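Below is entry-v5.tsv, holding TSV, C-alpha atoms.
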chain	number	residue	atom	x	y	z
K	295	ASP	CA	-37.12	102.45	-64.66
K	296	GLN	CA	-35.91	101.97	-61.10
K	297	GLN	CA	-35.86	105.40	-59.45
K	298	VAL	CA	-34.87	103.98	-56.07
K	299	LYS	CA	-32.05	101.49	-55.98
K	300	GLN	CA	-30.77	99.22	-53.26
K	301	ASN	CA	-27.76	97.58	-54.82
K	302	SER	CA	-26.99	95.16	-52.00
K	303	PRO	CA	-29.55	92.34	-51.89
K	304	SER	CA	-28.17	91.05	-48.62
K	305	LEU	CA	-26.08	92.06	-45.62
K	306	SER	CA	-24.80	89.89	-42.78
K	307	VAL	CA	-23.67	91.49	-39.50
K	308	GLN	CA	-22.67	90.17	-36.12
K	309	GLU	CA	-24.83	91.06	-33.14
K	310	GLY	CA	-23.69	94.27	-31.44
K	311	ARG	CA	-22.01	95.64	-34.54
K	312	ILE	CA	-23.25	98.39	-36.81
K	313	SER	CA	-25.46	97.60	-39.81
K	314	ILE	CA	-25.34	100.06	-42.70
K	315	LEU	CA	-27.93	99.75	-45.43
K	316	ASN	CA	-27.57	101.92	-48.50
K	317	CYS	CA	-29.99	103.40	-50.98
K	318	ASP	CA	-29.55	105.55	-54.09
K	319	TYR	CA	-32.15	107.49	-56.02
K	320	THR	CA	-32.22	109.15	-59.40
K	321	ASN	CA	-35.12	111.60	-59.20
K	322	SER	CA	-33.93	114.95	-57.85
K	323	MET	CA	-37.56	115.91	-57.12
K	324	PHE	CA	-37.81	113.37	-54.30
K	325	ASP	CA	-38.12	115.28	-51.03
K	326	TYR	CA	-39.18	112.67	-48.48
K	327	PHE	CA	-37.54	109.34	-47.75
K	328	LEU	CA	-38.61	106.41	-45.64
K	329	TRP	CA	-37.30	103.06	-44.50
K	330	TYR	CA	-39.60	100.09	-44.02
K	331	LYS	CA	-38.84	96.77	-42.39
K	332	LYS	CA	-40.49	93.55	-43.49
K	333	TYR	CA	-40.61	90.19	-41.75
K	334	PRO	CA	-41.65	87.06	-43.69
K	335	ALA	CA	-45.40	86.72	-44.26
K	336	GLU	CA	-46.03	90.22	-42.91
K	337	GLY	CA	-46.54	93.57	-44.55
K	338	PRO	CA	-43.82	96.23	-44.43
K	339	THR	CA	-43.75	98.33	-41.25
K	340	PHE	CA	-42.59	101.91	-41.10
K	341	LEU	CA	-39.24	102.38	-39.42
K	342	ILE	CA	-37.93	105.92	-39.88
K	343	SER	CA	-38.16	108.82	-42.30
K	344	ILE	CA	-36.30	111.95	-43.29
K	345	SER	CA	-37.26	115.11	-45.11
K	346	SER	CA	-34.95	116.58	-47.73
K	347	ILE	CA	-34.44	119.67	-45.57
K	348	LYS	CA	-32.49	117.52	-43.11
K	349	ASP	CA	-29.38	115.43	-43.46
K	350	LYS	CA	-29.85	113.23	-40.42
K	351	ASN	CA	-32.68	111.79	-38.38
K	352	GLU	CA	-32.24	109.59	-35.35
K	353	ASP	CA	-34.67	107.32	-33.50
K	354	GLY	CA	-33.13	105.12	-30.86
K	355	ARG	CA	-30.82	102.61	-32.48
K	356	PHE	CA	-31.81	103.75	-35.98
K	357	THR	CA	-30.30	106.72	-37.82
K	358	VAL	CA	-30.94	107.74	-41.39
K	359	PHE	CA	-28.46	109.93	-43.24
K	360	LEU	CA	-29.29	111.84	-46.41
K	361	ASN	CA	-26.73	113.15	-48.90
K	362	LYS	CA	-28.75	115.11	-51.46
K	363	SER	CA	-25.83	116.01	-53.67
K	364	ALA	CA	-24.98	112.33	-54.07
K	365	LYS	CA	-28.66	111.28	-54.14
K	366	HIS	CA	-27.82	108.75	-51.48
K	367	LEU	CA	-29.24	107.77	-48.14
K	368	SER	CA	-28.24	105.20	-45.61
K	369	LEU	CA	-29.75	103.54	-42.58
K	370	HIS	CA	-27.50	102.81	-39.61
K	371	ILE	CA	-28.53	100.36	-36.93
K	372	VAL	CA	-26.39	100.44	-33.79
K	373	PRO	CA	-26.10	98.06	-32.06
K	374	SER	CA	-27.56	95.41	-34.33
K	375	GLN	CA	-29.73	92.74	-32.73
K	376	PRO	CA	-30.92	89.35	-34.02
K	377	GLY	CA	-34.48	90.69	-34.05
K	378	ASP	CA	-33.41	93.22	-36.66
K	379	SER	CA	-33.06	90.41	-39.19
K	380	ALA	CA	-35.57	91.33	-41.90
K	381	VAL	CA	-35.84	92.82	-45.36
K	382	TYR	CA	-35.35	96.59	-45.36
K	383	PHE	CA	-36.95	98.69	-48.07
K	384	CYS	CA	-35.94	102.21	-48.94
K	385	ALA	CA	-38.75	104.40	-50.31
K	386	ALA	CA	-38.94	107.91	-51.69
K	387	SER	CA	-41.66	110.40	-52.48
K	388	ASP	CA	-42.10	113.61	-54.41
K	389	ARG	CA	-44.79	115.18	-52.28
K	390	GLY	CA	-45.27	118.11	-54.58
K	391	SER	CA	-46.29	116.38	-57.76
K	392	THR	CA	-47.26	112.81	-56.99
K	393	LEU	CA	-49.54	113.24	-53.98
K	394	GLY	CA	-47.16	111.28	-51.86
K	395	ARG	CA	-46.75	108.27	-54.11
K	396	LEU	CA	-43.96	106.06	-52.77
K	397	TYR	CA	-41.27	104.54	-54.96
K	398	PHE	CA	-39.61	101.51	-53.38
K	399	GLY	CA	-36.23	99.88	-53.84
K	400	ARG	CA	-35.89	96.11	-54.18
K	401	GLY	CA	-34.94	95.67	-50.56
K	402	THR	CA	-31.91	94.41	-48.61
K	403	GLN	CA	-32.09	91.26	-46.53
K	404	LEU	CA	-30.31	91.93	-43.23
K	405	THR	CA	-29.18	88.97	-41.17
K	406	VAL	CA	-27.84	89.61	-37.69
K	407	TRP	CA	-26.05	86.60	-36.24
K	408	PRO	CA	-25.12	86.01	-32.58
V	277	GLU	CA	-55.76	100.23	-32.73
V	278	ALA	CA	-56.61	97.64	-35.37
V	279	GLY	CA	-54.28	97.47	-38.34
V	280	VAL	CA	-55.01	97.16	-42.04
V	281	ALA	CA	-56.97	93.98	-42.68
V	282	GLN	CA	-56.70	92.04	-45.93
V	283	SER	CA	-58.30	88.88	-47.20
V	284	PRO	CA	-57.72	86.28	-48.36
V	285	ARG	CA	-54.13	85.65	-47.25
V	286	TYR	CA	-53.45	83.23	-50.08
V	287	LYS	CA	-55.09	82.51	-53.42
V	288	ILE	CA	-54.23	80.09	-56.20
V	289	ILE	CA	-56.06	80.40	-59.51
V	290	GLU	CA	-55.60	79.30	-63.08
V	291	LYS	CA	-54.72	81.80	-65.77
V	292	ARG	CA	-57.70	83.52	-67.35
V	293	GLN	CA	-59.71	83.17	-64.16
V	294	SER	CA	-60.78	86.17	-62.12
V	295	VAL	CA	-59.91	87.00	-58.53
V	296	ALA	CA	-60.79	89.70	-56.00
V	297	PHE	CA	-58.99	90.97	-52.93
V	298	TRP	CA	-60.49	92.89	-50.05
V	299	CYS	CA	-58.98	95.54	-47.79
V	300	ASN	CA	-60.24	97.30	-44.68
V	301	PRO	CA	-57.97	100.24	-43.79
V	302	ILE	CA	-57.27	101.72	-40.39
V	303	SER	CA	-60.25	103.66	-39.15
V	304	GLY	CA	-60.04	107.33	-40.06
V	305	HIS	CA	-57.38	106.92	-42.71
V	306	ALA	CA	-58.44	108.86	-45.77
V	307	THR	CA	-55.78	107.51	-48.12
V	308	LEU	CA	-55.74	103.91	-49.29
V	309	TYR	CA	-53.19	102.26	-51.57
V	310	TRP	CA	-52.88	98.98	-53.42
V	311	TYR	CA	-49.34	97.81	-54.12
V	312	GLN	CA	-48.08	94.85	-56.13
V	313	GLN	CA	-44.90	93.17	-54.94
V	314	ILE	CA	-43.37	90.67	-57.32
V	315	LEU	CA	-40.83	88.28	-55.82
V	316	GLY	CA	-37.43	89.94	-55.50
V	317	GLN	CA	-38.75	93.44	-56.14
V	318	GLY	CA	-40.02	96.29	-54.05
V	319	PRO	CA	-43.71	97.16	-53.81
V	320	LYS	CA	-45.09	99.02	-56.82
V	321	LEU	CA	-48.09	101.30	-56.49
V	322	LEU	CA	-51.11	100.18	-58.50
V	323	ILE	CA	-53.71	102.66	-57.33
V	324	GLN	CA	-54.17	105.34	-54.67
V	325	PHE	CA	-57.51	106.54	-53.30
V	326	GLN	CA	-58.21	109.69	-51.34
V	327	ASN	CA	-61.49	108.94	-49.56
V	328	ASN	CA	-63.48	107.27	-52.37
V	329	GLY	CA	-61.84	109.11	-55.26
V	330	VAL	CA	-58.90	107.85	-57.34
V	331	VAL	CA	-55.88	110.16	-57.21
V	332	ASP	CA	-53.32	107.95	-58.98
V	333	ASP	CA	-53.95	104.88	-61.10
V	334	SER	CA	-51.21	105.48	-63.65
V	335	GLN	CA	-49.57	102.11	-62.94
V	336	LEU	CA	-52.79	100.06	-62.94
V	337	PRO	CA	-53.18	97.74	-65.97
V	338	LYS	CA	-56.70	98.88	-66.63
V	339	ASP	CA	-57.44	96.26	-69.26
V	340	ARG	CA	-57.49	93.61	-66.54
V	341	PHE	CA	-57.27	95.29	-63.15
V	342	SER	CA	-59.98	97.31	-61.46
V	343	ALA	CA	-60.40	98.72	-57.98
V	344	GLU	CA	-63.02	100.53	-56.04
V	345	ARG	CA	-63.33	102.02	-52.60
V	346	LEU	CA	-66.84	101.88	-51.25
V	347	LYS	CA	-68.00	104.86	-49.20
V	348	GLY	CA	-64.41	105.87	-48.67
V	349	VAL	CA	-63.66	102.91	-46.39
V	350	ASP	CA	-63.22	99.31	-47.63
V	351	SER	CA	-61.67	98.59	-50.99
V	352	THR	CA	-61.59	95.71	-53.45
V	353	LEU	CA	-59.04	95.00	-56.14
V	354	LYS	CA	-60.04	92.71	-59.00
V	355	ILE	CA	-58.08	90.99	-61.72
V	356	GLN	CA	-59.96	89.65	-64.72
V	357	PRO	CA	-58.59	87.70	-66.49
V	358	ALA	CA	-55.45	86.79	-64.59
V	359	LYS	CA	-52.12	86.14	-66.28
V	360	LEU	CA	-49.12	84.19	-65.04
V	361	GLU	CA	-47.16	87.41	-64.51
V	362	ASP	CA	-49.79	88.61	-62.02
V	363	SER	CA	-48.37	86.18	-59.46
V	364	ALA	CA	-47.30	88.46	-56.63
V	365	VAL	CA	-48.16	89.69	-53.15
V	366	TYR	CA	-50.86	92.36	-53.23
V	367	LEU	CA	-50.46	94.80	-50.37
V	368	CYS	CA	-53.03	97.24	-49.14
V	369	ALA	CA	-51.91	100.25	-47.12
V	370	SER	CA	-53.54	103.29	-45.59
V	371	SER	CA	-52.41	106.60	-44.19
V	372	LEU	CA	-53.94	109.66	-42.58
V	373	GLU	CA	-52.79	111.81	-45.46
V	374	GLY	CA	-50.73	111.27	-48.58
V	375	ALA	CA	-47.73	109.07	-47.89
V	376	GLY	CA	-45.38	111.97	-48.31
V	377	VAL	CA	-46.74	113.53	-45.17
V	378	ALA	CA	-47.53	110.56	-42.99
V	379	GLU	CA	-46.22	107.04	-43.23
V	380	ALA	CA	-48.38	104.33	-44.74
V	381	PHE	CA	-49.43	101.32	-42.67
V	382	PHE	CA	-49.48	98.04	-44.57
V	383	GLY	CA	-51.63	94.96	-44.25
V	384	GLN	CA	-50.17	91.44	-44.34
V	385	GLY	CA	-50.89	91.12	-48.04
V	386	THR	CA	-52.52	88.54	-50.27
V	387	ARG	CA	-50.20	86.12	-51.99
V	388	LEU	CA	-51.59	85.32	-55.44
V	389	THR	CA	-50.30	82.41	-57.47
V	390	VAL	CA	-51.50	82.10	-61.06
V	391	VAL	CA	-50.89	78.67	-62.59
Final structure tokens representation of the file:
Amino acid sequence: DQQVKQNSPSLSVQEGRISILNCDYTNSMFDYFLWYKKYPAEGPTFLISISSIKDKNEDGRFTVFLNKSAKHLSLHIVPSQPGDSAVYFCAASDRGSTLGRLYFGRGTQLTVWP
Amino acid sequence: EAGVAQSPRYKIIEKRQSVAFWCNPISGHATLYWYQQILGQGPKLLIQFQNNGVVDDSQLPKDRFSAERLKGVDSTLKIQPAKLEDSAVYLCASSLEGAGVAEAFFGQGTRLTVV
């Protein structure tokens, strides 16, 4: 039962352009969402998060948008850089009932080419 | 600040053997997690500790997996006996509070291959 879904296993973007990574969730109790980035042979590293009381959070080149009615969030990277090439995981949490347990999507491999 | 330390980095064992993984979380982090990441999938929580107490082990296959957190700091995860489907990367993570409040910091993981 996949409660967090990333339906695009891969995305290829030219350097300088915008990268948009998408994520859908099914559990309406989720109230906190995070994006992690993972390089090969390393553990995931936290990138950005958003609470369900917001619809947008921005941190430098990274912006996360949340559409609660559609149960959809997206990560925008502008401008994309070759160093952004990594696997991006979307994660969600229901802080009220699961003590912050994170549910992860399968990940999207982003490749940024020069 | 030192990150989450895990060992070993790689382990190859035969099915039905036992194996143990070790994790040292970031100093001061009360919450420790063990995740299993099977190739092509996202990390799946196996067990979550708050200090040295278990707060969530609903996804832990308790017939073969066990975990403990000594004195609320280091943790070990054991598999006995291992099955082929246990081949995965085992990630340890820690956070100041539950992951819903503060983000979790991950170690590099232990890649287990069961043959």
Write out as CSV the residues of chain V that have any atom within 12 Å of an atom of chain K, one row each with the nearest atom pair and its distance in Å to one decimal, counting all atoms listed in the file, sorted by chain and then rising number.
residue,atom,partner,partner_atom,distance
V:Gly279,CA,K:Gly337,CA,10.7
V:Val280,CA,K:Gly337,CA,9.5
V:Ala281,CA,K:Gly337,CA,10.6
V:Gln282,CA,K:Gly337,CA,10.4
V:Arg285,CA,K:Ala335,CA,9.3
V:Tyr286,CA,K:Ala335,CA,10.5
V:Thr307,CA,K:Gly394,CA,10.1
V:Leu308,CA,K:Arg395,CA,11.1
V:Tyr309,CA,K:Arg395,CA,9.2
V:Trp310,CA,K:Arg395,CA,11.2
V:Tyr311,CA,K:Leu396,CA,9.9
V:Gln312,CA,K:Phe398,CA,11.1
V:Gln313,CA,K:Arg400,CA,9.5
V:Ile314,CA,K:Arg400,CA,9.8
V:Leu315,CA,K:Arg400,CA,9.4
V:Gly316,CA,K:Arg400,CA,6.5
V:Gln317,CA,K:Arg400,CA,4.4
V:Gly318,CA,K:Arg400,CA,4.1
V:Pro319,CA,K:Phe398,CA,6.0
V:Lys320,CA,K:Phe398,CA,6.9
V:Leu321,CA,K:Leu396,CA,7.3
V:Leu322,CA,K:Arg395,CA,10.2
V:Ile323,CA,K:Arg395,CA,9.5
V:Gln324,CA,K:Arg395,CA,8.0
V:Phe325,CA,K:Leu393,CA,10.4
V:Gln326,CA,K:Leu393,CA,9.7
V:Val330,CA,K:Leu393,CA,11.3
V:Val331,CA,K:Leu393,CA,7.8
V:Asp332,CA,K:Thr392,CA,8.0
V:Asp333,CA,K:Arg395,CA,10.6
V:Ser334,CA,K:Thr392,CA,10.7
V:Gln335,CA,K:Arg395,CA,11.1
V:Val365,CA,K:Gly337,CA,9.6
V:Tyr366,CA,K:Gly337,CA,9.8
V:Leu367,CA,K:Gly337,CA,7.1
V:Cys368,CA,K:Gly337,CA,8.8
V:Ala369,CA,K:Gly337,CA,8.9
V:Ser370,CA,K:Thr339,CA,11.8
V:Ser371,CA,K:Gly394,CA,10.4
V:Leu372,CA,K:Gly394,CA,11.6
V:Glu373,CA,K:Gly394,CA,8.5
V:Gly374,CA,K:Gly394,CA,4.8
V:Ala375,CA,K:Gly394,CA,4.6
V:Gly376,CA,K:Gly394,CA,4.0
V:Val377,CA,K:Gly394,CA,7.1
V:Ala378,CA,K:Gly394,CA,8.9
V:Glu379,CA,K:Phe340,CA,6.6
V:Ala380,CA,K:Phe340,CA,7.3
V:Phe381,CA,K:Thr339,CA,6.6
V:Phe382,CA,K:Gly337,CA,5.4
V:Gly383,CA,K:Gly337,CA,5.3
V:Gln384,CA,K:Gly337,CA,4.2
V:Gly385,CA,K:Gly337,CA,6.1
V:Thr386,CA,K:Ala335,CA,9.5
V:Arg387,CA,K:Ala335,CA,9.1
So which residues are close to (-52.8, 77.3, -55.6), meaning at most 10 Å away in the file's coordinates with all atoms listed in the file counted, and can you show them as a list of chain:residue names?
->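 The distance filter leaves exactly V:Tyr286, V:Lys287, V:Ile288, V:Ile289, V:Glu290, V:Arg387, V:Leu388, V:Thr389, V:Val390, V:Val391.
The coordinates place atom CA of K:His366 at 16.3 Å from atom CA of K:Ser313.
Shortest separation to V:Lys347 among V:Ser363, V:Pro284, V:Ala306, V:Phe297 occurs at residue V:Ala306, atoms counted being all atoms listed in the file.
Pairwise distance (atom CA of V:Lys338, atom CA of V:Asp350) equals 20.1 Å.
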Radius query 8 Å about (-23.4, 100.2, -30.2), atoms used: only C-alpha atoms, as a PyMOL selection string = chain K and resi 310-312+372-374
Atom CA of V:Ala278 and atom CA of V:Val295, how far apart in Å?
-> 25.7 Å
Distance criterion (all atoms listed in the file): nearest to K:Lys350 out of K:Gln308, K:Ser322, K:Ser379, K:Ser368 | K:Ser368
Near K:Phe356, counting only C-alpha atoms, which residues have an atom at most 7 Å away, once you skip same-chain residues fewer than 2 positions from it, shown as a list in words?
->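 Here the qualifying residues turn out to be Glu352, Asp353, Gly354, Val358, Leu369, His370, Ile371 and Val372 of chain K.
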From the structure block, carefully write stretch 296-406 of chain K out with C-alpha atoms; format it as a compact mmCIF listing (two decimals), in the first residue's frame.
# COMPACT_ATOMS: atom_id res chain seq x y z
CA GLN K 296 1.94 2.97 -1.34
CA GLN K 297 0.66 6.06 0.47
CA VAL K 298 3.20 8.34 -1.20
CA LYS K 299 3.65 8.03 -4.93
CA GLN K 300 6.23 9.43 -7.29
CA ASN K 301 5.02 8.31 -10.67
CA SER K 302 7.99 9.54 -12.69
CA PRO K 303 11.04 7.35 -12.10
CA SER K 304 13.27 9.73 -14.02
CA LEU K 305 13.50 13.31 -15.26
CA SER K 306 16.09 14.85 -17.57
CA VAL K 307 16.53 18.64 -17.70
CA GLN K 308 19.00 20.97 -19.33
CA GLU K 309 21.19 23.10 -17.08
CA GLY K 310 19.60 26.47 -16.31
CA ARG K 311 16.06 25.26 -16.91
CA ILE K 312 13.43 24.47 -14.33
CA SER K 313 13.10 20.98 -12.85
CA ILE K 314 9.68 19.99 -11.56
CA LEU K 315 9.37 16.84 -9.51
CA ASN K 316 5.92 15.63 -8.57
CA CYS K 317 4.51 13.65 -5.69
CA ASP K 318 1.02 12.43 -4.82
CA TYR K 319 -0.28 11.06 -1.55
CA THR K 320 -3.40 9.21 -0.52
CA ASN K 321 -3.60 9.71 3.24
CA SER K 322 -5.52 12.88 4.06
CA MET K 323 -4.10 12.79 7.60
CA PHE K 324 -0.60 13.65 6.38
CA ASP K 325 0.27 17.12 7.62
CA TYR K 326 4.01 17.46 7.03
CA PHE K 327 5.91 16.86 3.82
CA LEU K 328 9.61 16.67 3.08
CA TRP K 329 11.92 16.27 0.12
CA TYR K 330 15.18 14.38 0.42
CA LYS K 331 18.03 14.21 -2.07
CA LYS K 332 20.21 11.14 -2.43
CA TYR K 333 23.54 10.75 -4.20
CA PRO K 334 24.88 7.26 -5.01
CA ALA K 335 26.43 5.43 -2.05
CA GLU K 336 25.22 8.10 0.37
CA GLY K 337 22.24 8.36 2.66
CA PRO K 338 19.35 10.71 1.84
CA THR K 339 19.87 14.33 2.87
CA PHE K 340 17.09 16.68 3.86
CA LEU K 341 16.31 19.33 1.28
CA ILE K 342 13.12 21.21 2.13
CA SER K 343 9.85 20.71 3.96
CA ILE K 344 6.36 22.14 4.14
CA SER K 345 3.60 22.02 6.70
CA SER K 346 0.01 21.44 5.62
CA ILE K 347 -0.94 24.91 6.84
CA LYS K 348 1.10 26.38 4.00
CA ASP K 349 0.89 26.02 0.25
CA LYS K 350 4.39 27.15 -0.61
CA ASN K 351 7.83 27.12 0.93
CA GLU K 352 10.93 28.53 -0.69
CA ASP K 353 14.62 28.05 0.06
CA GLY K 354 17.00 29.51 -2.48
CA ARG K 355 16.64 27.66 -5.76
CA PHE K 356 14.20 25.15 -4.25
CA THR K 357 10.46 25.71 -3.85
CA VAL K 358 7.90 23.20 -2.69
CA PHE K 359 4.23 23.66 -3.53
CA LEU K 360 1.42 21.85 -1.74
CA ASN K 361 -2.09 21.37 -3.11
CA LYS K 362 -4.04 19.71 -0.30
CA SER K 363 -7.28 19.35 -2.22
CA ALA K 364 -5.48 17.41 -4.93
CA LYS K 365 -3.19 15.63 -2.43
CA HIS K 366 -0.28 16.70 -4.56
CA LEU K 367 3.03 18.40 -3.97
CA SER K 368 5.82 19.40 -6.27
CA LEU K 369 9.42 20.46 -5.96
CA HIS K 370 10.70 23.17 -8.30
CA ILE K 371 14.40 23.71 -8.83
CA VAL K 372 15.30 26.93 -10.62
CA PRO K 373 17.79 27.16 -12.20
CA SER K 374 18.81 23.53 -12.39
CA GLN K 375 22.50 22.72 -12.06
CA PRO K 376 24.48 19.57 -12.91
CA GLY K 377 25.16 19.09 -9.19
CA ASP K 378 21.44 18.67 -8.66
CA SER K 379 21.59 15.32 -10.44
CA ALA K 380 20.46 12.84 -7.80
CA VAL K 381 17.49 10.77 -6.69
CA TYR K 382 14.79 12.87 -5.03
CA PHE K 383 12.47 11.29 -2.50
CA CYS K 384 9.18 12.74 -1.39
CA ALA K 385 8.15 11.88 2.18
CA ALA K 386 5.08 12.54 4.28
CA SER K 387 4.17 12.32 7.93
CA ASP K 388 1.08 12.31 10.10
CA ARG K 389 2.53 13.94 13.16
CA GLY K 390 -0.58 13.48 15.22
CA SER K 391 -0.92 9.73 15.17
CA THR K 392 2.34 8.19 14.02
CA LEU K 393 4.90 10.07 16.11
CA GLY K 394 6.41 11.51 13.00
CA ARG K 395 6.85 8.29 11.06
CA LEU K 396 7.88 9.12 7.49
CA TYR K 397 6.36 7.46 4.44
CA PHE K 398 8.57 7.68 1.36
CA GLY K 399 7.86 7.56 -2.34
CA ARG K 400 9.98 5.45 -4.69
CA GLY K 401 12.06 8.40 -5.79
CA THR K 402 12.72 10.27 -9.04
CA GLN K 403 16.14 10.24 -10.66
CA LEU K 404 16.91 13.78 -11.83
CA THR K 405 19.61 14.25 -14.45
CA VAL K 406 20.71 17.77 -15.28
